[in-house]
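Student: Pasting work_31.cif below, which is mmCIF, C-alpha atoms.
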data_entry
#
loop_
_atom_site.label_atom_id
_atom_site.label_comp_id
_atom_site.auth_asym_id
_atom_site.auth_seq_id
_atom_site.Cartn_x
_atom_site.Cartn_y
_atom_site.Cartn_z
CA MET P 1 -37.81 -24.58 -20.77
CA ARG P 2 -34.91 -22.23 -21.42
CA ARG P 3 -35.05 -19.18 -23.63
CA THR P 4 -32.10 -16.87 -24.12
CA TRP P 5 -31.77 -13.65 -25.99
CA ALA P 6 -28.72 -11.52 -26.62
CA ALA P 7 -28.75 -7.76 -27.09
CA PRO P 8 -28.34 -6.86 -30.78
CA LEU P 9 -25.23 -5.32 -32.27
CA ALA P 10 -25.75 -2.37 -34.59
CA LEU P 11 -25.33 -3.51 -38.20
CA VAL P 12 -24.11 -0.17 -39.56
CA ALA P 13 -20.74 1.30 -40.48
CA VAL P 14 -19.37 4.82 -40.63
CA THR P 15 -18.49 5.98 -44.14
CA GLY P 16 -15.64 8.24 -45.04
CA SER P 17 -18.02 11.18 -45.03
CA GLY P 18 -19.04 10.43 -41.43
CA LEU P 19 -22.52 9.24 -42.41
CA LEU P 20 -23.95 5.88 -41.36
CA ALA P 21 -23.90 3.42 -44.21
CA ALA P 22 -27.02 1.40 -44.91
CA PRO P 23 -27.08 -2.27 -43.89
CA PRO P 24 -26.18 -4.72 -46.67
CA ALA P 25 -29.02 -5.64 -48.98
CA GLU P 26 -29.42 -9.14 -47.55
CA ALA P 27 -30.21 -7.59 -44.12
CA ALA P 28 -33.22 -5.67 -45.47
CA HIS P 29 -36.60 -6.64 -43.99
CA PRO P 30 -40.16 -5.49 -44.48
CA PRO P 31 -41.48 -2.91 -41.99
CA CYS P 32 -42.64 -4.23 -38.63
CA PRO P 33 -46.39 -4.21 -37.95
CA ARG P 34 -47.42 -0.76 -36.87
CA VAL P 35 -48.79 -0.20 -33.36
CA THR P 36 -51.77 1.71 -34.67
CA LEU P 37 -53.74 1.97 -31.46
CA GLY P 38 -55.49 5.27 -32.03
CA THR P 39 -56.56 7.20 -28.95
CA GLY P 40 -55.68 6.24 -25.41
CA TRP P 41 -51.88 6.32 -25.55
CA TYR P 42 -50.18 9.17 -23.76
CA GLY P 43 -47.51 11.40 -25.28
CA ASP P 44 -44.91 9.49 -27.28
CA ASN P 45 -45.74 6.09 -25.75
CA GLN P 46 -47.05 4.71 -29.03
CA ALA P 47 -43.84 5.76 -30.79
CA ARG P 48 -41.68 4.24 -28.05
CA LEU P 49 -43.55 0.95 -28.34
CA GLN P 50 -43.14 1.00 -32.10
CA GLN P 51 -39.39 1.56 -31.67
CA LEU P 52 -39.30 -1.53 -29.44
CA ILE P 53 -40.98 -3.62 -32.13
CA ASP P 54 -38.79 -2.21 -34.90
CA ARG P 55 -35.60 -2.97 -32.98
CA TYR P 56 -36.36 -6.35 -31.43
CA GLY P 57 -39.09 -7.82 -33.64
CA ALA P 58 -38.64 -10.67 -36.08
CA CYS P 59 -39.10 -8.23 -38.94
CA GLY P 60 -36.21 -6.07 -37.72
CA PRO P 61 -32.62 -6.44 -38.96
CA TYR P 62 -31.28 -8.06 -35.76
CA ARG P 63 -33.31 -11.23 -35.40
CA THR P 64 -31.78 -13.78 -37.79
CA GLY P 65 -30.68 -16.87 -35.92
CA ARG P 66 -31.66 -15.54 -32.50
CA THR P 67 -34.26 -16.80 -30.06
CA LYS P 68 -37.40 -14.76 -29.47
CA PRO P 69 -37.28 -11.63 -27.31
CA VAL P 70 -39.55 -12.00 -24.29
CA ALA P 71 -42.39 -9.63 -23.28
CA VAL P 72 -44.22 -10.11 -19.96
CA PHE P 73 -47.52 -8.48 -18.99
CA ASP P 74 -49.20 -8.36 -15.62
CA TRP P 75 -52.92 -9.06 -16.03
CA ASP P 76 -55.38 -7.34 -13.67
CA ASN P 77 -55.69 -3.63 -14.42
CA THR P 78 -52.82 -3.94 -16.91
CA VAL P 79 -54.47 -5.91 -19.72
CA VAL P 80 -58.02 -5.65 -18.35
CA LYS P 81 -59.89 -3.10 -16.30
CA ASN P 82 -60.75 -4.50 -12.84
CA ASP P 83 -59.67 -7.80 -11.32
CA VAL P 84 -60.49 -11.25 -12.69
CA GLY P 85 -59.64 -12.83 -9.33
CA ASP P 86 -62.26 -10.64 -7.67
CA ALA P 87 -64.75 -11.49 -10.42
CA THR P 88 -64.20 -15.19 -9.80
CA MET P 89 -64.39 -14.89 -6.02
CA PHE P 90 -67.71 -13.07 -6.26
CA TRP P 91 -69.03 -15.75 -8.63
CA LEU P 92 -67.91 -18.53 -6.26
CA LEU P 93 -69.69 -16.86 -3.36
CA ARG P 94 -72.90 -16.16 -5.28
CA ASN P 95 -73.01 -19.71 -6.60
CA GLY P 96 -71.98 -21.60 -3.45
CA ARG P 97 -68.70 -23.09 -4.69
CA ILE P 98 -66.45 -22.59 -1.65
CA ARG P 99 -66.14 -25.68 0.51
CA GLN P 100 -66.34 -25.99 4.27
CA PRO P 101 -62.73 -26.59 5.41
CA ALA P 102 -61.55 -29.74 7.12
CA ALA P 103 -62.92 -30.04 10.67
CA ARG P 104 -64.53 -26.64 10.04
CA ASP P 105 -61.11 -25.20 10.90
CA TRP P 106 -60.45 -22.14 8.75
CA SER P 107 -56.81 -21.98 9.80
CA THR P 108 -56.29 -24.91 7.39
CA THR P 109 -57.03 -22.55 4.49
CA SER P 110 -54.10 -20.20 5.18
CA ARG P 111 -51.14 -20.37 7.51
CA HIS P 112 -51.39 -16.57 7.82
CA LEU P 113 -54.99 -16.33 9.12
CA THR P 114 -55.19 -14.74 12.56
CA PRO P 115 -57.08 -16.44 15.41
CA ALA P 116 -59.63 -13.62 15.21
CA ALA P 117 -60.30 -14.31 11.53
CA THR P 118 -60.37 -18.06 12.08
CA LYS P 119 -63.01 -17.64 14.77
CA ALA P 120 -65.07 -15.11 12.82
CA LEU P 121 -65.22 -17.41 9.79
CA ALA P 122 -66.10 -20.42 11.93
CA ASP P 123 -68.85 -18.52 13.73
CA ALA P 124 -70.37 -17.34 10.43
CA CYS P 125 -70.06 -20.59 8.48
CA ALA P 126 -69.76 -23.54 10.89
CA GLY P 127 -73.31 -24.89 10.83
CA LEU P 128 -73.97 -24.49 7.11
CA ALA P 129 -72.28 -27.54 5.58
CA ARG P 130 -70.27 -30.63 6.42
CA PRO P 131 -66.46 -30.45 6.01
CA GLY P 132 -65.48 -30.76 2.35
CA THR P 133 -68.91 -29.83 0.98
CA PRO P 134 -69.89 -26.49 -0.60
CA LEU P 135 -71.17 -23.71 1.65
CA PRO P 136 -74.54 -22.17 0.64
CA THR P 137 -73.09 -18.66 0.36
CA GLY P 138 -75.49 -17.74 -2.43
CA THR P 139 -78.58 -18.22 -0.27
CA PRO P 140 -80.07 -16.06 2.50
CA ALA P 141 -79.03 -18.69 5.05
CA GLY P 142 -75.41 -18.37 3.97
CA ALA P 143 -75.30 -14.58 3.55
CA ALA P 144 -73.41 -13.94 6.80
CA CYS P 145 -70.82 -16.55 5.82
CA ALA P 146 -70.44 -14.90 2.40
CA ASP P 147 -70.06 -11.51 4.06
CA GLU P 148 -67.30 -12.77 6.39
CA ILE P 149 -65.37 -14.48 3.60
CA ASN P 150 -65.72 -11.40 1.41
CA ALA P 151 -64.53 -9.11 4.21
CA VAL P 152 -61.44 -11.21 4.93
CA TYR P 153 -60.63 -11.47 1.22
CA GLY P 154 -61.36 -7.88 0.25
CA THR P 155 -60.23 -5.91 3.29
CA ALA P 156 -57.79 -8.27 5.05
CA ALA P 157 -59.93 -7.82 8.15
CA THR P 158 -62.99 -9.38 9.74
CA ARG P 159 -66.36 -7.64 9.62
CA THR P 160 -65.59 -6.23 13.06
CA GLY P 161 -62.29 -4.81 11.83
CA ALA P 162 -59.85 -7.28 13.40
CA PRO P 163 -56.75 -7.97 11.24
CA ALA P 164 -57.25 -11.17 9.26
CA PHE P 165 -53.66 -12.07 8.35
CA THR P 166 -50.29 -11.97 10.06
CA GLY P 167 -46.69 -13.04 9.63
CA TRP P 168 -46.07 -12.82 5.89
CA ASP P 169 -43.18 -11.52 3.79
CA ARG P 170 -44.41 -8.36 2.04
CA ARG P 171 -42.04 -8.86 -0.90
CA THR P 172 -42.93 -12.46 -1.81
CA THR P 173 -46.59 -13.00 -0.98
CA GLU P 174 -49.89 -11.33 -0.21
CA PRO P 175 -52.08 -13.63 1.93
CA SER P 176 -55.41 -12.27 0.74
CA TYR P 177 -54.39 -12.89 -2.90
CA ALA P 178 -53.15 -16.37 -2.01
CA TRP P 179 -56.35 -17.12 -0.10
CA LEU P 180 -58.49 -17.20 -3.25
CA PRO P 181 -56.77 -20.23 -4.84
CA GLN P 182 -56.53 -21.79 -1.38
CA LEU P 183 -60.33 -21.54 -1.08
CA MET P 184 -60.55 -23.44 -4.38
CA GLN P 185 -59.50 -26.63 -2.59
CA GLY P 186 -61.54 -29.67 -3.53
CA TRP P 187 -62.02 -28.66 -7.17
CA THR P 188 -59.93 -29.55 -10.22
CA ALA P 189 -58.30 -27.06 -12.59
CA ARG P 190 -60.87 -27.99 -15.23
CA GLU P 191 -63.74 -27.23 -12.86
CA ILE P 192 -62.18 -23.90 -11.83
CA ARG P 193 -61.76 -22.96 -15.49
CA GLY P 194 -65.48 -23.60 -15.91
CA PHE P 195 -66.30 -21.32 -12.97
CA ALA P 196 -63.97 -18.64 -14.32
CA ALA P 197 -65.53 -18.88 -17.79
CA ALA P 198 -68.98 -18.33 -16.30
CA ALA P 199 -67.74 -15.30 -14.35
CA ARG P 200 -66.03 -13.97 -17.49
CA THR P 201 -69.25 -14.20 -19.50
CA GLU P 202 -71.19 -12.32 -16.81
CA ASN P 203 -68.60 -9.60 -16.30
CA LEU P 204 -68.07 -8.89 -19.99
CA ALA P 205 -71.83 -8.71 -20.56
CA ALA P 206 -72.48 -6.37 -17.62
CA PRO P 207 -72.45 -2.62 -18.36
CA VAL P 208 -69.48 -0.54 -17.30
CA GLY P 209 -70.03 0.54 -13.70
CA ALA P 210 -72.30 -2.40 -12.84
CA THR P 211 -72.30 -3.80 -9.30
CA GLN P 212 -73.43 -7.14 -7.97
CA ARG P 213 -74.82 -8.52 -4.73
CA VAL P 214 -72.48 -10.76 -2.76
CA GLY P 215 -74.02 -11.89 0.51
CA THR P 216 -75.75 -8.76 1.82
CA THR P 217 -73.33 -6.47 -0.09
CA THR P 218 -74.58 -4.62 -3.17
CA THR P 219 -71.44 -2.65 -4.04
CA ALA P 220 -69.12 -5.40 -5.31
CA THR P 221 -67.74 -4.57 -8.75
CA GLY P 222 -69.67 -6.48 -11.41
CA TRP P 223 -67.86 -5.80 -14.69
CA VAL P 224 -64.54 -6.34 -16.44
CA ARG P 225 -63.28 -5.09 -19.79
CA TYR P 226 -60.26 -5.87 -21.92
CA TYR P 227 -58.18 -2.84 -22.78
CA ASP P 228 -58.33 -2.61 -26.57
CA GLN P 229 -54.94 -0.90 -26.64
CA GLN P 230 -53.27 -3.73 -24.76
CA LYS P 231 -55.02 -6.41 -26.80
CA ASP P 232 -53.68 -4.82 -29.94
CA LEU P 233 -50.19 -4.37 -28.47
CA ILE P 234 -50.04 -8.05 -27.51
CA LYS P 235 -51.24 -9.02 -30.98
CA LYS P 236 -48.60 -6.85 -32.67
CA LEU P 237 -45.80 -8.08 -30.40
CA ARG P 238 -46.67 -11.69 -31.17
CA LYS P 239 -46.90 -10.94 -34.88
CA ALA P 240 -43.45 -9.35 -34.69
CA GLY P 241 -41.99 -12.51 -33.17
CA PHE P 242 -42.01 -11.71 -29.45
CA ASP P 243 -42.54 -14.49 -26.93
CA VAL P 244 -45.42 -12.96 -24.93
CA TRP P 245 -46.25 -14.15 -21.41
CA ILE P 246 -48.72 -13.25 -18.65
CA SER P 247 -47.64 -13.16 -14.99
CA SER P 248 -50.46 -12.58 -12.54
CA ALA P 249 -51.25 -12.82 -8.83
CA SER P 250 -54.66 -14.28 -9.70
CA PRO P 251 -55.17 -18.09 -9.71
CA GLN P 252 -53.58 -19.98 -12.61
CA PRO P 253 -56.75 -21.51 -14.15
CA VAL P 254 -58.63 -18.21 -13.87
CA VAL P 255 -55.99 -16.26 -15.79
CA GLU P 256 -55.75 -19.07 -18.35
CA VAL P 257 -59.42 -18.53 -19.21
CA TRP P 258 -59.12 -14.76 -19.54
CA ALA P 259 -55.81 -14.84 -21.42
CA GLN P 260 -57.45 -16.73 -24.26
CA GLY P 261 -59.18 -13.45 -25.09
CA VAL P 262 -55.84 -11.93 -26.14
CA GLY P 263 -54.50 -15.04 -27.84
CA ILE P 264 -52.15 -16.18 -25.04
CA GLU P 265 -51.92 -19.95 -24.64
CA THR P 266 -52.23 -21.60 -21.24
CA ASP P 267 -48.56 -22.60 -21.26
CA HIS P 268 -47.65 -18.89 -21.38
CA VAL P 269 -49.61 -17.99 -18.24
CA ILE P 270 -47.98 -17.83 -14.81
CA GLY P 271 -50.51 -17.41 -12.02
CA ILE P 272 -50.76 -18.63 -8.43
CA ARG P 273 -50.58 -22.42 -8.59
CA ASN P 274 -52.08 -24.93 -6.17
CA THR P 275 -50.57 -28.23 -5.22
CA THR P 276 -52.85 -31.14 -6.12
CA THR P 277 -53.72 -34.62 -4.94
CA TYR P 278 -52.96 -37.68 -7.07
CA ASP P 279 -56.19 -37.19 -9.04
CA GLY P 280 -55.63 -33.50 -9.79
CA THR P 281 -57.83 -32.07 -7.04
CA PHE P 282 -56.61 -28.76 -5.64
CA THR P 283 -55.34 -28.68 -2.07
CA ALA P 284 -55.24 -25.58 0.14
CA HIS P 285 -51.48 -25.33 -0.42
CA LEU P 286 -49.50 -23.60 -3.14
CA LYS P 287 -46.55 -24.45 -5.32
CA GLY P 288 -43.25 -22.82 -4.44
CA CYS P 289 -40.40 -21.26 -6.38
CA GLY P 290 -36.67 -20.91 -5.86
CA SER P 291 -35.71 -21.91 -2.33
CA VAL P 292 -39.38 -22.13 -1.28
CA ARG P 293 -40.75 -25.66 -1.38
CA ASP P 294 -44.23 -26.65 -2.53
CA GLY P 295 -46.70 -26.29 0.32
CA ALA P 296 -44.77 -23.60 2.19
CA ASP P 297 -47.23 -21.05 0.72
CA THR P 298 -44.79 -18.12 0.89
CA MET P 299 -43.66 -17.47 -2.73
CA ILE P 300 -46.51 -16.52 -5.03
CA THR P 301 -46.39 -14.33 -8.15
CA TYR P 302 -46.02 -11.15 -6.10
CA ILE P 303 -43.15 -8.58 -6.24
CA ASP P 304 -39.96 -10.65 -5.82
CA GLY P 305 -42.06 -13.78 -6.23
CA LYS P 306 -42.99 -12.67 -9.75
CA ARG P 307 -39.29 -12.39 -10.57
CA CYS P 308 -38.73 -15.92 -9.26
CA TRP P 309 -41.59 -17.46 -11.19
CA ILE P 310 -40.65 -15.65 -14.43
CA ASN P 311 -37.03 -16.76 -14.11
CA LYS P 312 -38.15 -20.32 -13.42
CA GLU P 313 -40.88 -20.76 -16.03
CA ILE P 314 -39.65 -18.60 -18.91
CA PHE P 315 -35.87 -18.77 -18.60
CA GLY P 316 -35.45 -22.16 -16.96
CA VAL P 317 -33.55 -20.95 -13.88
CA ARG P 318 -33.65 -23.54 -11.11
CA GLY P 319 -33.23 -23.44 -7.35
CA ALA P 320 -32.50 -20.36 -5.28
CA ALA P 321 -30.88 -18.68 -8.30
CA ALA P 322 -34.39 -18.00 -9.64
CA GLU P 323 -34.90 -15.49 -6.84
CA ARG P 324 -32.02 -13.32 -8.09
CA ILE P 325 -31.71 -10.86 -10.96
CA GLN P 326 -30.39 -12.68 -14.01
CA PRO P 327 -27.90 -11.51 -16.65
CA ALA P 328 -29.46 -9.33 -19.35
CA ALA P 329 -29.47 -12.18 -21.87
CA ARG P 330 -31.83 -14.13 -19.58
CA ARG P 331 -34.39 -11.40 -18.93
CA GLN P 332 -37.43 -10.00 -20.66
CA VAL P 333 -36.85 -7.05 -22.98
CA PHE P 334 -40.32 -5.60 -22.28
CA ALA P 335 -42.64 -5.64 -19.27
CA ALA P 336 -45.98 -4.00 -18.43
CA GLY P 337 -47.66 -3.57 -15.04
CA ASP P 338 -49.82 -1.30 -12.91
CA SER P 339 -48.99 -1.97 -9.26
CA ASP P 340 -46.27 -2.27 -6.65
CA THR P 341 -46.74 -6.03 -7.02
CA ASP P 342 -45.05 -5.69 -10.42
CA ILE P 343 -41.95 -3.76 -9.33
CA SER P 344 -39.32 -6.49 -9.58
CA PHE P 345 -40.19 -7.94 -12.97
CA LEU P 346 -40.63 -4.46 -14.43
CA ARG P 347 -37.18 -3.42 -13.19
CA ASP P 348 -35.73 -6.58 -14.73
CA ALA P 349 -36.90 -5.61 -18.26
CA THR P 350 -33.89 -4.57 -20.31
CA ALA P 351 -35.40 -2.35 -23.02
CA LEU P 352 -38.77 -0.81 -22.09
CA ARG P 353 -41.17 -0.82 -19.11
CA LEU P 354 -44.80 0.26 -19.51
CA VAL P 355 -46.58 1.43 -16.34
CA VAL P 356 -50.36 1.90 -16.20
CA ASN P 357 -50.83 4.64 -13.60
CA ARG P 358 -52.97 3.60 -10.65
CA ASN P 359 -51.23 5.91 -8.16
CA LYS P 360 -49.17 3.13 -6.51
CA ASN P 361 -46.34 4.63 -4.48
CA GLU P 362 -43.24 2.57 -5.17
CA LEU P 363 -44.10 1.88 -8.78
CA MET P 364 -44.75 5.51 -9.63
CA CYS P 365 -41.64 6.65 -7.71
CA ARG P 366 -39.47 4.41 -9.86
CA ALA P 367 -41.30 5.12 -13.10
CA TYR P 368 -41.21 8.90 -12.70
CA ASP P 369 -37.59 8.84 -11.50
CA ASN P 370 -36.80 7.02 -14.77
CA GLY P 371 -33.08 6.91 -14.12
CA ASP P 372 -32.21 4.84 -17.20
CA GLY P 373 -34.82 6.31 -19.57
CA ARG P 374 -36.60 2.99 -20.07
CA TRP P 375 -39.85 3.71 -18.21
CA ILE P 376 -43.01 4.98 -19.90
CA VAL P 377 -46.23 5.85 -18.04
CA ASN P 378 -49.75 5.76 -19.40
CA PRO P 379 -53.07 6.66 -17.74
CA MET P 380 -55.55 3.81 -17.28
CA PHE P 381 -57.31 3.21 -20.59
CA ILE P 382 -60.78 3.07 -18.99
CA GLU P 383 -61.77 5.38 -16.13
CA PRO P 384 -58.24 6.79 -15.61
CA LYS P 385 -57.22 8.03 -12.20
CA LYS P 386 -57.30 11.74 -11.55
CA ARG P 387 -54.03 13.52 -10.93
CA ARG P 388 -52.63 12.86 -7.48
CA THR P 389 -52.44 16.23 -5.77
CA ASP P 390 -49.64 15.48 -3.29
CA PRO P 391 -46.24 14.10 -4.39
CA TYR P 392 -45.47 10.40 -4.09
CA PRO P 393 -43.56 9.95 -0.78
CA CYS P 394 -40.53 8.39 -2.44
CA ALA P 395 -37.92 9.83 -0.07
CA THR P 396 -39.70 8.71 3.12
CA THR P 397 -42.30 5.92 2.98
CA GLY P 398 -42.65 4.84 -0.67
CA TYR P 399 -41.00 1.46 -0.11
CA VAL P 400 -42.42 -1.40 1.99
CA ASP P 401 -39.80 -3.84 3.30
CA HIS P 402 -40.15 -7.59 3.87
CA ASP P 403 -41.47 -7.09 7.40
CA GLY P 404 -43.85 -4.29 6.46
CA THR P 405 -41.57 -1.45 7.56
CA LYS P 406 -41.87 1.60 5.34
CA GLY P 407 -38.85 3.52 4.13
CA PRO P 408 -37.39 5.49 1.21
CA VAL P 409 -37.30 4.15 -2.35
CA LEU P 410 -33.66 3.51 -3.28
CA ARG P 411 -32.00 3.41 -6.67
CA GLY P 412 -29.58 0.68 -7.63
CA ASP P 413 -26.68 2.77 -6.32
CA ARG P 414 -28.49 3.15 -2.96
CA SER P 415 -29.23 6.85 -3.48
CA VAL P 416 -32.70 7.99 -2.44
CA VAL P 417 -35.38 8.69 -5.05
CA PRO P 418 -36.77 12.17 -4.35
CA ASP P 419 -40.52 12.70 -4.02
CA GLN P 420 -42.17 12.67 -7.44
CA ALA P 421 -45.08 14.71 -8.81
CA ASP P 422 -47.88 12.95 -10.66
CA THR P 423 -47.68 14.19 -14.26
CA VAL P 424 -49.36 11.45 -16.31
CA TYR P 425 -53.07 11.09 -15.60
#
Just give me the structure as structure tokens.
Tutor:
Amino acid sequence: MRRTWAAPLALVAVTGSGLLAAPPAEAAHPPCPRVTLGTGWYGDNQARLQQLIDRYGACGPYRTGRTKPVAVFDWDNTVVKNDVGDATMFWLLRNGRIRQPAARDWSTTSRHLTPAATKALADACAGLARPGTPLPTGTPAGAACADEINAVYGTAATRTGAPAFTGWDRRTTEPSYAWLPQLMQGWTAREIRGFAAAARTENLAAPVGATQRVGTTTTATGWVRYYDQQKDLIKKLRKAGFDVWISSASPQPVVEVWAQGVGIETDHVIGIRNTTTYDGTFTAHLKGCGSVRDGADTMITYIDGKRCWINKEIFGVRGAAAERIQPAARRQVFAAGDSDTDISFLRDATALRLVVNRNKNELMCRAYDNGDGRWIVNPMFIEPKKRRTDPYPCATTGYVDHDGTKGPVLRGDRSVVPDQADTVY
């Protein structure tokens, strides 16, 4: 699939009096749908979003004969409050849907698991089920197993505090994110969509602030909400002729289920994707992108990996070229995100970049620096973060390199972004 879009040329002329002449009558169009979102938008963000729609939308004067402009949204904590991957993981654990790995060897579930984590998981779960069959993590007998899985997933450490993962590229993958779809091995996409739908029903019905018991834990988040403002923005963008996509570091079938709630079709969702057996059953390995082959498990929809997957799936870029920044005509005009995981695809957006402020260092350094004037920042729409009291450490440790080394956040010209104060909260 290949979609291209070219930046519009201004269809105006200067009159003898120095005033801008109106476009010819045949270029006139009805007004674009208004982004009437009411409360919750900060400052002039609503006006900036409306300007985007007016300029690039199908109802604007620049669209005739052109392909659709692309808009890409992150999902968790960008379109919804809380994390749909977490919601699904907790449901899987409470309902005993995670399978005992082959030979009871947990290292087969992730190439990045440490020996300490492999042993801790085996000790907690080994005697509970045969290889390939579901573990009883929703019962008292399986509570310790549930606790160990939840600790490794949620804290990247065992219950005793030993690091759970090692040896990954911090700009292309996050092993704890990848581990959730890897633990879905043995199920089909249809079955996972059913599990995700059940978790969705529970989390939307639960009151804001609700918690749930997972193993012996009673503090796991138990609710999710769509942001009304983002639902309406997606609706208006689609009505105005934008090609709207979701790119998420949650599992593909899980995001497909949730994206239906904002009218996004499954073929416009890019999540973490498993490889499958001949009959469609998920394996513990993941599909690759760019120069990364299927099964290498090192290029998920995470930072530079999101760029690769967007270039591949939306713009049809193949091979290693998908890992690189594309010409402006082959990039999204709008992007929205909330985390450092979204940095690369946000920077690639050519017209406007919406950041939901969750106090993430690199993202907020770049958004507040706003060197090209295309960044806008909005507080979280539900339970917004309080103002960060100390500046973001942009000039020293705001950036995390491929090997985990921290350093300064650099602009495109290699100059250092100075520390930034938190001003939108």
Student: Could you expand the PyMOL selection byres ((chain P and resi 370) around 12) into the explicit residues it covers here, written as JSON, numbers by chain?
Tutor: {"P": [347, 352, 353, 354, 355, 363, 364, 365, 366, 367, 368, 369, 371, 372, 373, 374, 375, 376, 377, 411, 412, 417, 418, 420]}
Student: Using all atoms listed in the file for the distances, tell me which of P:Tyr153, P:Tyr392, P:Trp75, P:Tyr399 is nearest to Thr423 (chain P).
Tutor: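 Between P:Tyr153, P:Tyr392, P:Trp75, P:Tyr399, the residue approaching Thr423 (chain P) most closely is P:Tyr392.
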Student: I'd like the contact shell of Val80 (chain P) - 7 Å cut-off, all atoms listed in the file, skipping same-chain residues fewer than 3 positions apart - returned as number ranges by chain.
Tutor: P: 75-77, 224-227
Student: Once you add 4 Å to each side, what are the centre and edge lengths of the axis-aligned box holding all listed atoms of region 304-312 of chain P? One decimal in Å, as AutoDock Vina command-line options, if you can.
Tutor:
--center_x -40.0 --center_y -15.5 --center_z -10.1 --size_x 14.0 --size_y 17.7 --size_z 16.6
Student: Could you tell me which residues the PyMOL selection byres ((chain P and resi 277) around 12) returns for this structure, as a ChimeraX atom specification?
Tutor: /P:185-189,274-276,278-286
Student: What does the distance from CA of Gln230 (chain P) to CA of Thr78 (chain P) come to in Å, to one decimal?
Tutor: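 Calculated distance between CA of Gln230 (chain P) and CA of Thr78 (chain P) is 7.9 Å.
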Student: Find the distance between CA of Gln100 (chain P) and CA of Thr172 (chain P) and write it in Å to one decimal.
Tutor: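 Between these atoms lies a distance of 27.7 Å.
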Student: Any idea what the distance is between CA of Phe90 (chain P) and CA of Arg171 (chain P)?
Tutor: 26.6 Å
Student: As a check of understanding, name the residues that the PyMOL selection byres ((chain P and resi 258) around 12) selects in the supplied structure, as a ChimeraX atom specification.
Tutor: /P:75-76,79-80,83-85,87-88,193-201,203-204,224-226,231,246,248,250-257,259-266,269,271
Student: As a PyMOL selection string, please: the residues near Thr158 (chain P) (cut-off 8 Å, only C-alpha atoms, same-chain neighbours under 5 positions excluded).
Tutor: chain P and resi 116-117+120+148+151-152+163-164
Student: Restricting the output to C-alpha atoms, write the selected residues as a CSV table (one decimal), in the frame of the given file.
Tutor:
chain,number,residue,atom,x,y,z
P,116,ALA,CA,-59.6,-13.6,15.2
P,117,ALA,CA,-60.3,-14.3,11.5
P,120,ALA,CA,-65.1,-15.1,12.8
P,148,GLU,CA,-67.3,-12.8,6.4
P,151,ALA,CA,-64.5,-9.1,4.2
P,152,VAL,CA,-61.4,-11.2,4.9
P,163,PRO,CA,-56.8,-8.0,11.2
P,164,ALA,CA,-57.2,-11.2,9.3
Student: For Gln212 (chain P), which residue out of P:Ile314, P:Ala351, P:Leu93, P:Val70 is the nearest one, using all atoms listed in the file?
Tutor: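 Smallest distance to Gln212 (chain P) is found for P:Leu93.
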Student: Please identify all polymer residues within 6 Å of Asp419 (chain P), counting all atoms listed in the file, omitting same-chain residues fewer than 5 positions from it, and present them as a PDB file with C-alpha atoms, in the frame of the given file.
Tutor:
ATOM      1  CA  PRO P 391     -46.240  14.100  -4.390  1.00  0.00           C
ATOM      2  CA  TYR P 392     -45.470  10.400  -4.090  1.00  0.00           C
ATOM      3  CA  PRO P 393     -43.560   9.950  -0.780  1.00  0.00           C
ATOM      4  CA  CYS P 394     -40.530   8.390  -2.440  1.00  0.00           C
ATOM      5  CA  ALA P 395     -37.920   9.830  -0.070  1.00  0.00           C
TER       6      ALA P 395
END
Student: Mind checking which residues fall within 6 Å of Pro136 (chain P), counting all atoms listed in the file, ignoring those fewer than 3 positions away in the same chain, and posting them as a ChimeraX atom specification?
Tutor: /P:96,139,142
Student: Would you list the contacts of Val317 (chain P) as a list in words, taking every protein, DNA or RNA residue within 10 Å and counting all atoms listed in the file, but skipping same-chain residues closer than 5 positions in sequence?
Tutor: Met1, Arg2, Gly290, Cys308, Trp309, Ile310, Asn311, Lys312, Ala322, Glu323, Arg324, Gln326 and Arg330 of chain P
Student: Which is closest to Phe242 (chain P) among P:Phe334, P:Phe381, P:Trp106, P:Tyr425, if we use all atoms listed in the file?
Tutor: P:Phe334
